[in-house]
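Asker: Following this line is final16.cif, made up of mmCIF, C-alpha atoms and all ligand atoms:
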data_run
loop_
_atom_site.label_atom_id
_atom_site.label_comp_id
_atom_site.auth_asym_id
_atom_site.auth_seq_id
_atom_site.Cartn_x
_atom_site.Cartn_y
_atom_site.Cartn_z
CA MET A 1 -6.53 -3.43 28.07
CA ASP A 2 -10.32 -3.52 28.07
CA ILE A 3 -10.86 -2.20 24.54
CA LYS A 4 -14.59 -1.55 24.95
CA GLN A 5 -14.06 0.53 28.08
CA ASN A 6 -11.32 2.57 26.41
CA ILE A 7 -12.69 2.76 22.88
CA GLN A 8 -12.93 6.56 22.72
CA GLN A 9 -9.38 7.01 23.95
CA ILE A 10 -8.18 4.41 21.43
CA ARG A 11 -10.05 6.13 18.59
CA ASN A 12 -8.42 9.41 19.59
CA ASP A 13 -5.05 7.76 18.90
CA PHE A 14 -6.00 7.63 15.19
CA PRO A 15 -6.25 11.19 13.79
CA LEU A 16 -7.80 10.08 10.49
CA LEU A 17 -10.85 8.54 12.13
CA SER A 18 -12.31 11.80 13.39
CA GLN A 19 -12.94 13.31 9.95
CA THR A 20 -16.20 13.65 8.09
CA VAL A 21 -16.81 12.41 4.54
CA TYR A 22 -19.61 14.07 2.54
CA GLY A 23 -20.56 15.79 5.78
CA LYS A 24 -21.01 12.47 7.64
CA PRO A 25 -18.69 11.11 10.34
CA LEU A 26 -16.36 8.62 8.66
CA VAL A 27 -16.98 4.93 9.33
CA TYR A 28 -13.81 3.22 8.14
CA MET A 29 -14.39 -0.48 7.49
CA ASP A 30 -11.78 -1.18 4.82
CA ASN A 31 -9.18 -2.42 7.26
CA GLY A 32 -8.56 -5.63 5.33
CA ALA A 33 -7.09 -3.50 2.55
CA THR A 34 -5.10 -1.23 4.84
CA THR A 35 -5.31 -0.08 8.43
CA GLN A 36 -5.10 3.47 9.77
CA LYS A 37 -2.06 4.64 11.69
CA PRO A 38 -1.95 5.72 15.33
CA LYS A 39 -0.37 9.09 16.08
CA VAL A 40 2.65 7.42 17.72
CA VAL A 41 3.51 5.83 14.36
CA ILE A 42 2.94 9.06 12.42
CA ASP A 43 5.07 10.99 14.93
CA ALA A 44 7.85 8.39 14.92
CA ILE A 45 8.09 8.51 11.12
CA ASN A 46 8.02 12.32 11.13
CA ASP A 47 10.77 12.44 13.71
CA LEU A 48 12.93 9.99 11.77
CA HIS A 49 12.61 12.16 8.66
CA ALA A 50 13.00 15.43 10.55
CA SER A 51 16.03 14.67 12.68
CA LYS A 52 17.47 11.20 12.17
CA ASN A 53 17.51 10.40 8.47
CA ALA A 54 20.73 8.90 7.07
CA SER A 55 21.43 5.90 4.87
CA ILE A 56 22.21 2.79 6.90
CA HIS A 57 25.15 0.36 6.87
CA ARG A 58 27.50 2.36 4.67
CA GLY A 59 28.35 5.41 6.75
CA VAL A 60 30.84 6.14 9.48
CA HIS A 61 29.12 9.31 10.59
CA PHE A 62 26.94 9.69 13.66
CA LEU A 63 23.54 9.79 11.92
CA SER A 64 24.27 6.77 9.77
CA GLU A 65 25.47 4.71 12.71
CA GLN A 66 22.49 5.79 14.79
CA MET A 67 20.04 4.85 12.04
CA THR A 68 21.80 1.53 11.44
CA GLU A 69 21.42 0.69 15.09
CA MET A 70 17.74 1.64 15.07
CA TYR A 71 17.17 -0.47 11.94
CA GLU A 72 18.87 -3.50 13.43
CA ASN A 73 16.91 -2.98 16.66
CA ALA A 74 13.76 -3.03 14.54
CA ARG A 75 14.85 -6.40 13.17
CA ARG A 76 15.33 -7.73 16.70
CA ARG A 77 11.93 -6.32 17.70
CA VAL A 78 10.25 -8.24 14.87
CA GLN A 79 12.25 -11.34 15.82
CA GLN A 80 10.87 -11.07 19.34
CA PHE A 81 7.34 -10.29 18.07
CA ILE A 82 7.08 -13.56 16.12
CA ASN A 83 9.54 -15.46 18.33
CA ALA A 84 12.04 -16.29 15.58
CA GLU A 85 15.15 -18.10 16.74
CA HIS A 86 17.65 -15.75 15.06
CA SER A 87 17.45 -12.08 14.07
CA GLN A 88 18.97 -12.84 10.64
CA GLU A 89 15.85 -14.88 9.89
CA ILE A 90 13.98 -11.56 9.63
CA ILE A 91 14.29 -10.02 6.17
CA PHE A 92 12.72 -6.62 5.53
CA THR A 93 10.88 -6.49 2.21
CA SER A 94 8.36 -4.18 0.56
CA GLY A 95 5.45 -6.20 1.95
CA THR A 96 3.71 -9.56 1.75
CA THR A 97 3.77 -9.53 -2.05
CA GLY A 98 7.47 -8.66 -2.06
CA SER A 99 8.19 -11.46 0.41
CA ILE A 100 6.26 -14.12 -1.50
CA ASN A 101 7.87 -13.17 -4.81
CA THR A 102 11.31 -13.30 -3.19
CA ILE A 103 10.64 -16.78 -1.86
CA ALA A 104 9.01 -17.99 -5.09
CA PHE A 105 12.08 -16.95 -7.04
CA SER A 106 14.82 -17.78 -4.58
CA PHE A 107 13.44 -20.93 -2.97
CA GLY A 108 12.16 -21.94 -6.39
CA GLU A 109 15.60 -21.62 -7.98
CA GLN A 110 17.22 -23.76 -5.34
CA PHE A 111 14.61 -26.34 -4.45
CA VAL A 112 11.99 -26.77 -7.20
CA LYS A 113 12.51 -28.93 -10.25
CA ALA A 114 10.37 -30.30 -13.09
CA GLY A 115 7.60 -32.59 -11.87
CA ASP A 116 7.52 -31.13 -8.34
CA GLU A 117 4.25 -29.87 -6.92
CA ILE A 118 3.32 -26.68 -5.08
CA ILE A 119 0.09 -26.67 -3.09
CA VAL A 120 -1.95 -23.53 -2.50
CA SER A 121 -5.53 -23.24 -1.29
CA GLY A 122 -8.66 -22.10 -3.07
CA ILE A 123 -9.05 -19.14 -0.72
CA GLU A 124 -5.75 -17.40 -1.43
CA HIS A 125 -5.09 -13.77 -2.34
CA HIS A 126 -3.65 -13.40 -5.85
CA SER A 127 -0.30 -12.60 -4.20
CA ASN A 128 -0.14 -16.17 -2.97
CA ILE A 129 -1.24 -17.69 -6.29
CA VAL A 130 0.41 -15.86 -9.17
CA PRO A 131 4.07 -16.05 -7.99
CA TRP A 132 3.64 -19.84 -7.68
CA GLN A 133 2.07 -20.09 -11.13
CA MET A 134 5.03 -18.15 -12.50
CA LEU A 135 7.43 -20.49 -10.70
CA CYS A 136 5.59 -23.57 -11.98
CA GLU A 137 5.84 -22.23 -15.51
CA ARG A 138 9.56 -21.56 -15.17
CA LYS A 139 10.30 -24.95 -13.66
CA ASN A 140 7.66 -27.11 -15.29
CA ALA A 141 6.23 -27.88 -11.88
CA LYS A 142 2.57 -28.35 -11.03
CA LEU A 143 0.21 -26.20 -8.96
CA ARG A 144 -2.34 -28.11 -6.87
CA VAL A 145 -5.24 -26.46 -5.07
CA ILE A 146 -6.90 -27.37 -1.75
CA PRO A 147 -10.67 -27.08 -2.21
CA PHE A 148 -12.94 -25.45 0.36
CA SER A 149 -16.47 -25.85 1.68
CA ASP A 150 -19.39 -23.46 1.18
CA SER A 151 -18.65 -21.99 4.59
CA GLY A 152 -15.14 -21.13 3.42
CA GLU A 153 -13.19 -23.80 5.30
CA LEU A 154 -10.42 -25.82 3.72
CA LEU A 155 -11.28 -29.47 3.13
CA MET A 156 -8.51 -31.06 5.14
CA ASP A 157 -9.18 -34.58 3.89
CA GLU A 158 -8.69 -33.32 0.33
CA TYR A 159 -5.51 -31.57 1.45
CA LYS A 160 -4.17 -34.84 2.85
CA LYS A 161 -4.85 -36.51 -0.49
CA LEU A 162 -2.89 -33.85 -2.37
CA LEU A 163 0.23 -34.29 -0.25
CA SER A 164 2.85 -36.66 -1.65
CA SER A 165 6.59 -37.06 -2.10
CA LYS A 166 6.24 -34.69 -5.07
CA THR A 167 5.03 -31.84 -2.85
CA LYS A 168 7.83 -29.33 -2.48
CA LEU A 169 5.99 -26.46 -0.84
CA VAL A 170 2.59 -25.69 0.67
CA ALA A 171 1.67 -21.99 0.56
CA VAL A 172 -1.50 -21.00 2.41
CA ASN A 173 -2.82 -17.96 4.17
CA HIS A 174 -3.17 -17.77 7.91
CA VAL A 175 -6.45 -15.90 7.48
CA SER A 176 -8.47 -15.38 4.29
CA ASN A 177 -8.82 -11.70 3.38
CA ALA A 178 -12.03 -12.31 1.42
CA LEU A 179 -13.88 -14.55 3.89
CA GLY A 180 -12.17 -14.11 7.24
CA THR A 181 -11.55 -17.86 7.70
CA ILE A 182 -8.75 -18.65 10.14
CA ASN A 183 -7.00 -21.68 8.70
CA PRO A 184 -5.74 -24.56 10.89
CA ILE A 185 -2.15 -23.67 10.03
CA LYS A 186 -0.46 -25.80 12.67
CA GLU A 187 -2.15 -28.90 11.29
CA ILE A 188 -1.39 -27.83 7.71
CA ILE A 189 2.29 -27.38 8.59
CA ASP A 190 2.63 -30.67 10.46
CA LEU A 191 0.97 -32.65 7.67
CA ALA A 192 3.24 -31.05 5.05
CA HIS A 193 6.32 -31.85 7.10
CA GLU A 194 5.30 -35.51 7.21
CA VAL A 195 6.01 -35.65 3.45
CA ASP A 196 9.12 -33.44 3.80
CA ALA A 197 7.44 -30.46 2.11
CA TYR A 198 8.19 -26.90 3.21
CA VAL A 199 5.45 -24.49 4.27
CA LEU A 200 4.92 -20.79 3.67
CA ILE A 201 2.26 -18.99 5.67
CA ASP A 202 0.88 -15.75 4.21
CA GLY A 203 0.24 -13.85 7.41
CA ALA A 204 -1.01 -10.61 5.83
CA GLN A 205 -4.34 -10.96 7.64
CA GLY A 206 -3.19 -13.25 10.42
CA ILE A 207 -0.30 -11.57 12.17
CA GLN A 208 -2.46 -8.89 13.81
CA HIS A 209 -5.14 -11.27 15.03
CA GLY A 210 -3.26 -13.85 17.02
CA ASN A 211 0.02 -14.28 18.83
CA VAL A 212 2.23 -15.76 16.11
CA ASP A 213 5.10 -17.93 17.31
CA VAL A 214 7.02 -19.19 14.29
CA GLN A 215 9.04 -21.66 16.34
CA GLN A 216 5.96 -23.21 17.86
CA LEU A 217 4.21 -23.26 14.46
CA ASP A 218 7.40 -24.67 12.90
CA CYS A 219 6.55 -22.96 9.58
CA ASP A 220 9.44 -22.57 7.15
CA PHE A 221 8.35 -19.10 6.00
CA TYR A 222 5.94 -16.54 7.47
CA VAL A 223 5.32 -13.24 5.67
CA PHE A 224 3.33 -10.07 6.39
CA SER A 225 2.95 -6.36 5.57
CA GLY A 226 3.48 -3.33 7.81
CA HIS A 227 0.50 -1.37 6.50
CA LYS A 228 -2.00 -4.00 7.63
CA ILE A 229 -0.77 -3.85 11.22
CA TYR A 230 -1.15 -0.08 11.68
CA GLY A 231 2.34 0.63 10.34
CA PRO A 232 3.50 2.36 7.15
CA THR A 233 3.17 1.10 3.58
CA GLY A 234 6.12 -0.20 1.56
CA ILE A 235 7.53 -2.34 4.35
CA GLY A 236 7.00 -5.97 5.24
CA VAL A 237 8.63 -9.03 6.68
CA MET A 238 9.87 -12.28 5.22
CA TYR A 239 10.68 -14.73 7.97
CA GLY A 240 12.50 -17.87 6.87
CA LYS A 241 14.28 -20.61 8.75
CA GLU A 242 17.98 -19.86 8.82
CA LYS A 243 19.04 -23.17 7.29
CA LEU A 244 16.79 -22.54 4.26
CA LEU A 245 17.77 -18.89 3.82
CA TYR A 246 21.44 -19.94 3.79
CA GLN A 247 20.81 -22.26 0.88
CA MET A 248 18.65 -19.84 -1.12
CA PRO A 249 20.29 -17.55 -3.70
CA PRO A 250 19.64 -13.79 -3.57
CA TYR A 251 16.57 -12.53 -5.43
CA GLN A 252 17.87 -9.11 -6.43
CA GLY A 253 21.40 -7.88 -6.95
CA GLY A 254 22.66 -4.46 -5.89
CA GLY A 255 24.25 -2.53 -3.07
CA ASP A 256 24.24 -3.90 0.48
CA MET A 257 23.65 -7.52 -0.59
CA VAL A 258 27.30 -8.00 -1.55
CA GLU A 259 30.51 -8.41 0.41
CA CYS A 260 32.89 -7.98 -2.47
CA VAL A 261 32.35 -7.17 -6.15
CA SER A 262 34.75 -7.51 -9.05
CA PHE A 263 34.10 -8.19 -12.71
CA GLU A 264 35.47 -11.70 -12.23
CA LYS A 265 33.51 -12.68 -9.13
CA THR A 266 31.02 -11.28 -6.65
CA ILE A 267 30.72 -12.60 -3.12
CA TYR A 268 27.30 -12.17 -1.58
CA ASN A 269 26.79 -10.67 1.83
CA GLN A 270 25.71 -12.82 4.75
CA LEU A 271 22.16 -13.11 6.07
CA PRO A 272 19.97 -11.10 6.31
CA PHE A 273 21.63 -8.56 3.99
CA LYS A 274 21.86 -11.07 1.12
CA PHE A 275 18.13 -10.49 0.62
CA GLU A 276 18.08 -6.73 1.16
CA ALA A 277 19.56 -5.26 -2.03
CA GLY A 278 19.55 -1.48 -2.36
CA THR A 279 18.69 1.20 0.18
CA SER A 280 16.28 -0.45 2.58
CA ASN A 281 13.09 1.15 3.77
CA TYR A 282 14.69 1.67 7.17
CA ILE A 283 12.21 4.36 8.22
CA GLY A 284 9.36 2.03 7.33
CA ALA A 285 10.91 -0.81 9.31
CA ILE A 286 11.27 1.33 12.43
CA GLY A 287 7.78 2.80 11.91
CA MET A 288 6.39 -0.73 11.69
CA THR A 289 7.93 -1.68 15.02
CA THR A 290 6.37 1.40 16.61
CA ALA A 291 3.04 0.00 15.39
CA ILE A 292 3.92 -3.39 16.88
CA ASP A 293 4.67 -1.68 20.21
CA TYR A 294 1.30 0.06 19.97
CA ILE A 295 -0.80 -3.06 19.37
CA GLU A 296 1.11 -4.97 22.01
CA SER A 297 0.41 -2.17 24.47
CA LEU A 298 -3.32 -2.71 23.84
CA GLY A 299 -2.85 -6.48 24.09
CA ILE A 300 -3.23 -8.77 21.08
CA ALA A 301 -5.54 -11.12 23.02
CA ASP A 302 -7.72 -8.20 24.17
CA ILE A 303 -7.89 -6.92 20.60
CA ALA A 304 -8.96 -10.37 19.37
CA LYS A 305 -11.61 -10.60 22.10
CA TYR A 306 -13.12 -7.21 21.23
CA GLU A 307 -12.97 -7.81 17.49
CA ASN A 308 -14.78 -11.10 18.02
CA GLU A 309 -17.53 -9.24 19.90
CA LEU A 310 -17.82 -6.87 16.94
CA LEU A 311 -17.98 -9.85 14.57
CA GLN A 312 -20.77 -11.54 16.54
CA TYR A 313 -22.79 -8.34 16.73
CA ALA A 314 -22.27 -7.44 13.07
CA THR A 315 -23.13 -10.98 11.93
CA LYS A 316 -26.37 -10.81 13.92
CA ARG A 317 -27.29 -7.33 12.65
CA LEU A 318 -26.53 -8.09 9.02
CA SER A 319 -28.25 -11.49 9.10
CA GLU A 320 -31.47 -9.73 10.09
CA ILE A 321 -31.50 -7.91 6.75
CA ASP A 322 -33.81 -9.57 4.31
CA GLY A 323 -31.96 -10.96 1.29
CA LEU A 324 -28.48 -10.45 2.73
CA ARG A 325 -26.13 -13.41 2.26
CA ILE A 326 -22.83 -13.66 4.12
CA TYR A 327 -19.94 -15.40 2.36
CA GLY A 328 -17.51 -16.95 4.80
CA THR A 329 -19.22 -18.49 7.79
CA ALA A 330 -16.36 -20.57 9.16
CA ALA A 331 -16.59 -21.44 12.84
CA ASN A 332 -13.16 -19.90 13.33
CA LYS A 333 -12.99 -16.51 11.61
CA ILE A 334 -11.88 -12.94 12.12
CA SER A 335 -14.08 -9.85 11.92
CA ILE A 336 -14.52 -9.75 8.17
CA LEU A 337 -18.01 -9.69 6.69
CA SER A 338 -18.25 -10.42 2.99
CA PHE A 339 -21.81 -10.18 1.74
CA LEU A 340 -24.28 -9.57 -1.06
CA VAL A 341 -27.82 -8.24 -0.85
CA GLY A 342 -30.45 -9.63 -3.23
CA ASN A 343 -29.40 -8.95 -6.80
CA ILE A 344 -27.75 -5.65 -5.98
CA HIS A 345 -24.34 -5.22 -7.58
CA PRO A 346 -21.68 -4.81 -4.87
CA TYR A 347 -20.32 -1.72 -6.58
CA ASP A 348 -23.72 0.05 -6.41
CA MET A 349 -24.08 -0.80 -2.74
CA GLY A 350 -20.52 0.36 -2.03
CA MET A 351 -21.12 3.68 -3.82
CA ILE A 352 -24.22 4.45 -1.80
CA LEU A 353 -22.61 3.45 1.48
CA ASP A 354 -19.71 5.73 0.60
CA LYS A 355 -22.09 8.69 0.26
CA MET A 356 -23.15 7.94 3.84
CA GLY A 357 -19.53 8.16 4.96
CA ILE A 358 -19.12 4.39 5.22
CA ALA A 359 -15.93 3.02 3.61
CA VAL A 360 -16.21 -0.63 2.60
CA ARG A 361 -14.48 -2.55 -0.17
CA THR A 362 -16.31 -4.04 -3.13
CA GLY A 363 -15.15 -6.50 -5.77
CA THR A 364 -13.15 -9.71 -5.78
CA HIS A 365 -10.69 -8.70 -3.04
CA CYS A 366 -7.85 -10.10 -5.17
CA ALA A 367 -9.35 -13.57 -4.80
CA MET A 368 -10.96 -14.26 -8.18
CA PRO A 369 -10.77 -18.09 -8.00
CA LEU A 370 -12.69 -17.93 -4.74
CA MET A 371 -15.45 -15.83 -6.35
CA ASP A 372 -15.60 -18.32 -9.24
CA LYS A 373 -16.36 -21.14 -6.84
CA TYR A 374 -19.32 -19.18 -5.40
CA GLU A 375 -20.26 -18.15 -8.96
CA ILE A 376 -20.38 -14.49 -8.03
CA GLU A 377 -18.61 -11.43 -9.43
CA GLY A 378 -17.57 -10.14 -6.04
CA THR A 379 -18.84 -9.10 -2.64
CA ILE A 380 -19.11 -6.10 -0.37
CA ARG A 381 -16.57 -6.48 2.42
CA ALA A 382 -16.67 -4.78 5.79
CA SER A 383 -13.51 -5.57 7.76
CA LEU A 384 -13.68 -4.45 11.36
CA VAL A 385 -10.83 -3.83 13.76
CA PHE A 386 -10.40 -2.69 17.34
CA TYR A 387 -11.09 0.98 16.61
CA ASN A 388 -14.49 0.20 15.11
CA THR A 389 -17.53 0.44 17.36
CA ILE A 390 -20.92 -1.15 17.88
CA GLU A 391 -22.49 2.18 16.83
CA GLU A 392 -20.58 2.00 13.55
CA VAL A 393 -21.91 -1.50 12.94
CA ASP A 394 -25.40 -0.07 13.49
CA ARG A 395 -24.67 2.65 10.96
CA LEU A 396 -23.52 0.00 8.49
CA ALA A 397 -26.70 -2.03 8.97
CA GLU A 398 -28.89 1.08 8.61
CA GLY A 399 -26.89 2.15 5.56
CA ILE A 400 -27.38 -1.22 3.89
CA LEU A 401 -31.13 -1.08 4.54
CA LYS A 402 -31.34 2.41 3.07
CA ALA A 403 -29.25 1.50 0.03
CA LYS A 404 -31.37 -1.61 -0.44
CA SER A 405 -34.57 0.42 -0.48
CA MET A 406 -33.04 2.78 -3.05
CA LEU A 407 -31.65 0.06 -5.32
CA GLU A 408 -34.31 -2.61 -5.27
N1 LIG B 501 -2.18 -11.88 1.21
C1 LIG B 501 -3.33 -11.55 1.81
C2 LIG B 501 -4.12 -12.59 2.55
C3 LIG B 501 -3.78 -10.22 1.75
O1 LIG B 501 -4.93 -9.87 2.36
C4 LIG B 501 -3.02 -9.27 1.04
C5 LIG B 501 -3.51 -7.89 0.90
O2 LIG B 501 -4.70 -7.63 0.94
C6 LIG B 501 -1.82 -9.67 0.46
C7 LIG B 501 -1.43 -10.98 0.56
C8 LIG B 501 -0.93 -8.70 -0.25
O3 LIG B 501 -0.43 -7.77 0.67
P1 LIG B 501 0.42 -6.51 0.17
O4 LIG B 501 -0.41 -5.85 -0.88
O5 LIG B 501 0.59 -5.68 1.39
O6 LIG B 501 1.70 -7.03 -0.37
#
Give the structure from the file, written as structure tokens.
Answerer:
Amino acid sequence: MDIKQNIQQIRNDFPLLSQTVYGKPLVYMDNGATTQKPKVVIDAINDLHASKNASIHRGVHFLSEQMTEMYENARRRVQQFINAEHSQEIIFTSGTTGSINTIAFSFGEQFVKAGDEIIVSGIEHHSNIVPWQMLCERKNAKLRVIPFSDSGELLMDEYKKLLSSKTKLVAVNHVSNALGTINPIKEIIDLAHEVDAYVLIDGAQGIQHGNVDVQQLDCDFYVFSGHKIYGPTGIGVMYGKEKLLYQMPPYQGGGDMVECVSFEKTIYNQLPFKFEAGTSNYIGAIGMTTAIDYIESLGIADIAKYENELLQYATKRLSEIDGLRIYGTAANKISILSFLVGNIHPYDMGMILDKMGIAVRTGTHCAMPLMDKYEIEGTIRASLVFYNTIEEVDRLAEGILKAKSMLE
């Protein structure tokens, strides 16, 4: 779909966007943190609660069987969305963080031993740093970090030097949430495989911006969150290659992840249920696939094209502002603008923009090591998606100029 031509109709799909904040029309540019939900998703979730709710897998009654079928259809829909080979490779979790912690524990238990190395990059979200630090502490393994350039691009030659027979896993993001950099993940994966290391891709910011094909990428794990792709919160996906998931022990014990329990011995359930202990967020999973249907109906490539137009325009507009510095200028990036203006504290700028109805994020964006490298406390981040407009970018630029004149 031509997004630009249909922008008003698309914006009408998102009820939240039409409100005013402090008497000003809302400009929502905090999409990196969470995206707004189209009415189809809100309606689907309402309908599930209103007329279809029943706990899955354990019931013989109509509603339970119906919901079980819808939940398993959601799994197959995600399988198709990322082109996984088998539906049992799709595990529903609470989100990206839940998925990474599951893998760090479960993969870590089975595959990581003292002296092994885990590689992350310098532009990771804390969610893709801390679980690996915890694993390294438990196992006496070592965390290595891929450095990055001033423009926010990973130094691939340095990455190659870090890889060795000790490397057990490489965990990098598809797209940096703080800078917008799109990482060369195919190359990262292939290089890791040359030394027999496994690869996890944190797709929290990547899944919605490009057609992800896990078989073509050949990644061992790919994880993402529902709420960043216009779906509900509290639901996410952990994709893992079947042969690895088979070998990995469960992360949590409880109902649904077992086949047979006695005090002498418990037999775990098969995939994917082995990793889905307790009552799953089945309504979230189905709601997330409604969101996937929605973005696919717009066209992922068309979304990317329009968002890139927004990025080019916003980069130009913001660069014209005296004293404004953009962090993250990679050649290949998504529509995220992280910036500082003169000596103005990001929090002050964010507060004033808020009073103009403009929602941006300020701070470290859960990427403190990245801020350390730039020797800054944080940035102001405007993350634009397909429901943002050129006029909104103009309002952002005007807002920054006004705030600047007030604060300097
Ligand atoms: N990884 C990246 C790159 C992110 O941007 C985020 C959230 O901002 C996360 C991980 C964590 O996602 P969640 O909080 O949905 O688990």
Asker: Please identify the residues whose atoms come within 8 Å of ligand LIG 501 (chain B), using all atoms listed in the file, and report them as a ChimeraX atom specification.
Answerer: /A:32-34,94-99,124-128,173-178,202-206,224-228,233-234,236,365-366
Asker: In Å, how far is it from atom CA of A:Pro250 to atom CA of A:Tyr268?
Answerer: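 So the two atoms, atom CA of A:Pro250 and atom CA of A:Tyr268, lie 8.1 Å apart.
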Asker: Sorted by chain and rising residue number, which residues of stretch 34-113 of chain A lie within 12 Å of stretch 211-214 of chain A, and what are their closest atom pairs and distances in Å to one decimal, counting only C-alpha atoms, as CSV?
Answerer:
residue,atom,partner,partner_atom,distance
A:Val78,CA,A:Val212,CA,11.1
A:Gln79,CA,A:Val214,CA,9.6
A:Gln80,CA,A:Asp213,CA,9.2
A:Phe81,CA,A:Val212,CA,7.7
A:Ile82,CA,A:Asp213,CA,4.9
A:Asn83,CA,A:Asp213,CA,5.2
A:Ala84,CA,A:Val214,CA,5.9
A:Glu85,CA,A:Val214,CA,8.6
A:His86,CA,A:Val214,CA,11.2
A:Glu89,CA,A:Val214,CA,10.8
A:Ile90,CA,A:Val214,CA,11.3
Asker: Dig up all the protein and nucleic acid residues within 10 Å of (-20.0, 10.9, 7.7) in the file frame, using only C-alpha atoms, and format them as a list in words.
Answerer: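 The answer, in the requested form, is Ser18, Gln19, Thr20, Val21, Tyr22, Gly23, Lys24, Pro25, Leu26, Val27, Tyr28, Asp354, Lys355, Met356, Gly357, Ile358 and Ala359 of chain A.
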Asker: For the residues in the current selection, export C-alpha atoms as a compact mmCIF listing (two decimals), in the coordinates of the input.
Answerer:
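Final file, result_31.txt:
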# COMPACT_ATOMS: atom_id res chain seq x y z
CA SER A 18 -12.31 11.80 13.39
CA GLN A 19 -12.94 13.31 9.95
CA THR A 20 -16.20 13.65 8.09
CA VAL A 21 -16.81 12.41 4.54
CA TYR A 22 -19.61 14.07 2.54
CA GLY A 23 -20.56 15.79 5.78
CA LYS A 24 -21.01 12.47 7.64
CA PRO A 25 -18.69 11.11 10.34
CA LEU A 26 -16.36 8.62 8.66
CA VAL A 27 -16.98 4.93 9.33
CA TYR A 28 -13.81 3.22 8.14
CA ASP A 354 -19.71 5.73 0.60
CA LYS A 355 -22.09 8.69 0.26
CA MET A 356 -23.15 7.94 3.84
CA GLY A 357 -19.53 8.16 4.96
CA ILE A 358 -19.12 4.39 5.22
CA ALA A 359 -15.93 3.02 3.61
Asker: What's the separation between atom CA of A:Leu162 and atom CA of A:Lys142, in Å to one decimal place?
Answerer: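 Calculated distance between atom CA of A:Leu162 and atom CA of A:Lys142 is 11.6 Å.
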Asker: Could you work out how far atom CA of A:Asp218 lies from atom CA of A:Glu117, giving the answer in Å with one decimal?
Answerer: 20.7 Å
Asker: Determine, counting only C-alpha atoms, every residue of protein, DNA or RNA that lies within 10 Å of (-1.6, -30.3, 6.8) in the file coordinates, then give the result as a PDB file with C-alpha atoms, keeping the file's coordinate frame.
Answerer:
ATOM      1  CA  MET A 156      -8.510 -31.060   5.140  1.00  0.00           C
ATOM      2  CA  ASP A 157      -9.180 -34.580   3.890  1.00  0.00           C
ATOM      3  CA  TYR A 159      -5.510 -31.570   1.450  1.00  0.00           C
ATOM      4  CA  LYS A 160      -4.170 -34.840   2.850  1.00  0.00           C
ATOM      5  CA  LEU A 162      -2.890 -33.850  -2.370  1.00  0.00           C
ATOM      6  CA  LEU A 163       0.230 -34.290  -0.250  1.00  0.00           C
ATOM      7  CA  VAL A 170       2.590 -25.690   0.670  1.00  0.00           C
ATOM      8  CA  PRO A 184      -5.740 -24.560  10.890  1.00  0.00           C
ATOM      9  CA  ILE A 185      -2.150 -23.670  10.030  1.00  0.00           C
ATOM     10  CA  LYS A 186      -0.460 -25.800  12.670  1.00  0.00           C
ATOM     11  CA  GLU A 187      -2.150 -28.900  11.290  1.00  0.00           C
ATOM     12  CA  ILE A 188      -1.390 -27.830   7.710  1.00  0.00           C
ATOM     13  CA  ILE A 189       2.290 -27.380   8.590  1.00  0.00           C
ATOM     14  CA  ASP A 190       2.630 -30.670  10.460  1.00  0.00           C
ATOM     15  CA  LEU A 191       0.970 -32.650   7.670  1.00  0.00           C
ATOM     16  CA  ALA A 192       3.240 -31.050   5.050  1.00  0.00           C
ATOM     17  CA  HIS A 193       6.320 -31.850   7.100  1.00  0.00           C
ATOM     18  CA  GLU A 194       5.300 -35.510   7.210  1.00  0.00           C
ATOM     19  CA  VAL A 195       6.010 -35.650   3.450  1.00  0.00           C
ATOM     20  CA  VAL A 199       5.450 -24.490   4.270  1.00  0.00           C
TER      21      VAL A 199
END
Asker: Measuring between only C-alpha atoms, which one of A:Asn101, A:Gln5, A:Ser165, A:Ser338 shows the shortest distance to A:Arg325?
Answerer: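 Closest candidate: A:Ser338.
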Asker: So, counting only C-alpha atoms, which residue among A:Met257, A:Leu179, A:Leu401, A:Ala331 is closest to A:Ser319?
Answerer: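 Going through A:Met257, A:Leu179, A:Leu401, A:Ala331 one by one, the smallest distance to A:Ser319 is for A:Leu401.
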Asker: Within 12 Å of A:Tyr251, counting all atoms listed in the file, which residues show up once you throw out same-chain ones fewer than 6 positions away? Write them as a ChimeraX atom specification, please.
Answerer: /A:93,98-110,245,257,268,273-278
Asker: Neighbouring residues of A:Gly323 were defined as those with any atom within 12 Å, considering all atoms listed in the file; residues of the same chain fewer than 5 positions away were excluded. Please report them as number ranges by chain.
Answerer: A: 318, 339-344, 400-401, 404-405, 408
Asker: Could you make a table, as CSV, of the residues of stretch 54-112 of chain A that have an atom within 12 Å of an atom of stretch 46-49 of chain A, each with its nearest atom pair and distance in Å to one decimal, counting only C-alpha atoms, in chain and number order?
Answerer:
residue,atom,partner,partner_atom,distance
A:Ala54,CA,A:His49,CA,8.9
A:Ser55,CA,A:His49,CA,11.5
A:Leu63,CA,A:Leu48,CA,10.6
A:Ser64,CA,A:Leu48,CA,12.0
A:Gln66,CA,A:Leu48,CA,10.9
A:Met67,CA,A:Leu48,CA,8.8
A:Met70,CA,A:Leu48,CA,10.2
A:Tyr71,CA,A:Leu48,CA,11.3
Asker: Which is closest to A:Tyr246 among A:Thr364, A:Ser297, A:Gln270, A:Ser262, if we use only C-alpha atoms?
Answerer: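 Nearest to A:Tyr246: A:Gln270.
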Asker: Pick the closest to A:Gly399 from A:Met351, A:Asn281, A:Asn31, A:Thr379: which is it, counting all atoms listed in the file?
Answerer: A:Met351
Asker: Of the candidates A:Asp196, A:Ile352, A:Tyr327, A:Lys333, which one gets nearest to A:Glu375 if we count only C-alpha atoms?
Answerer: A:Tyr327
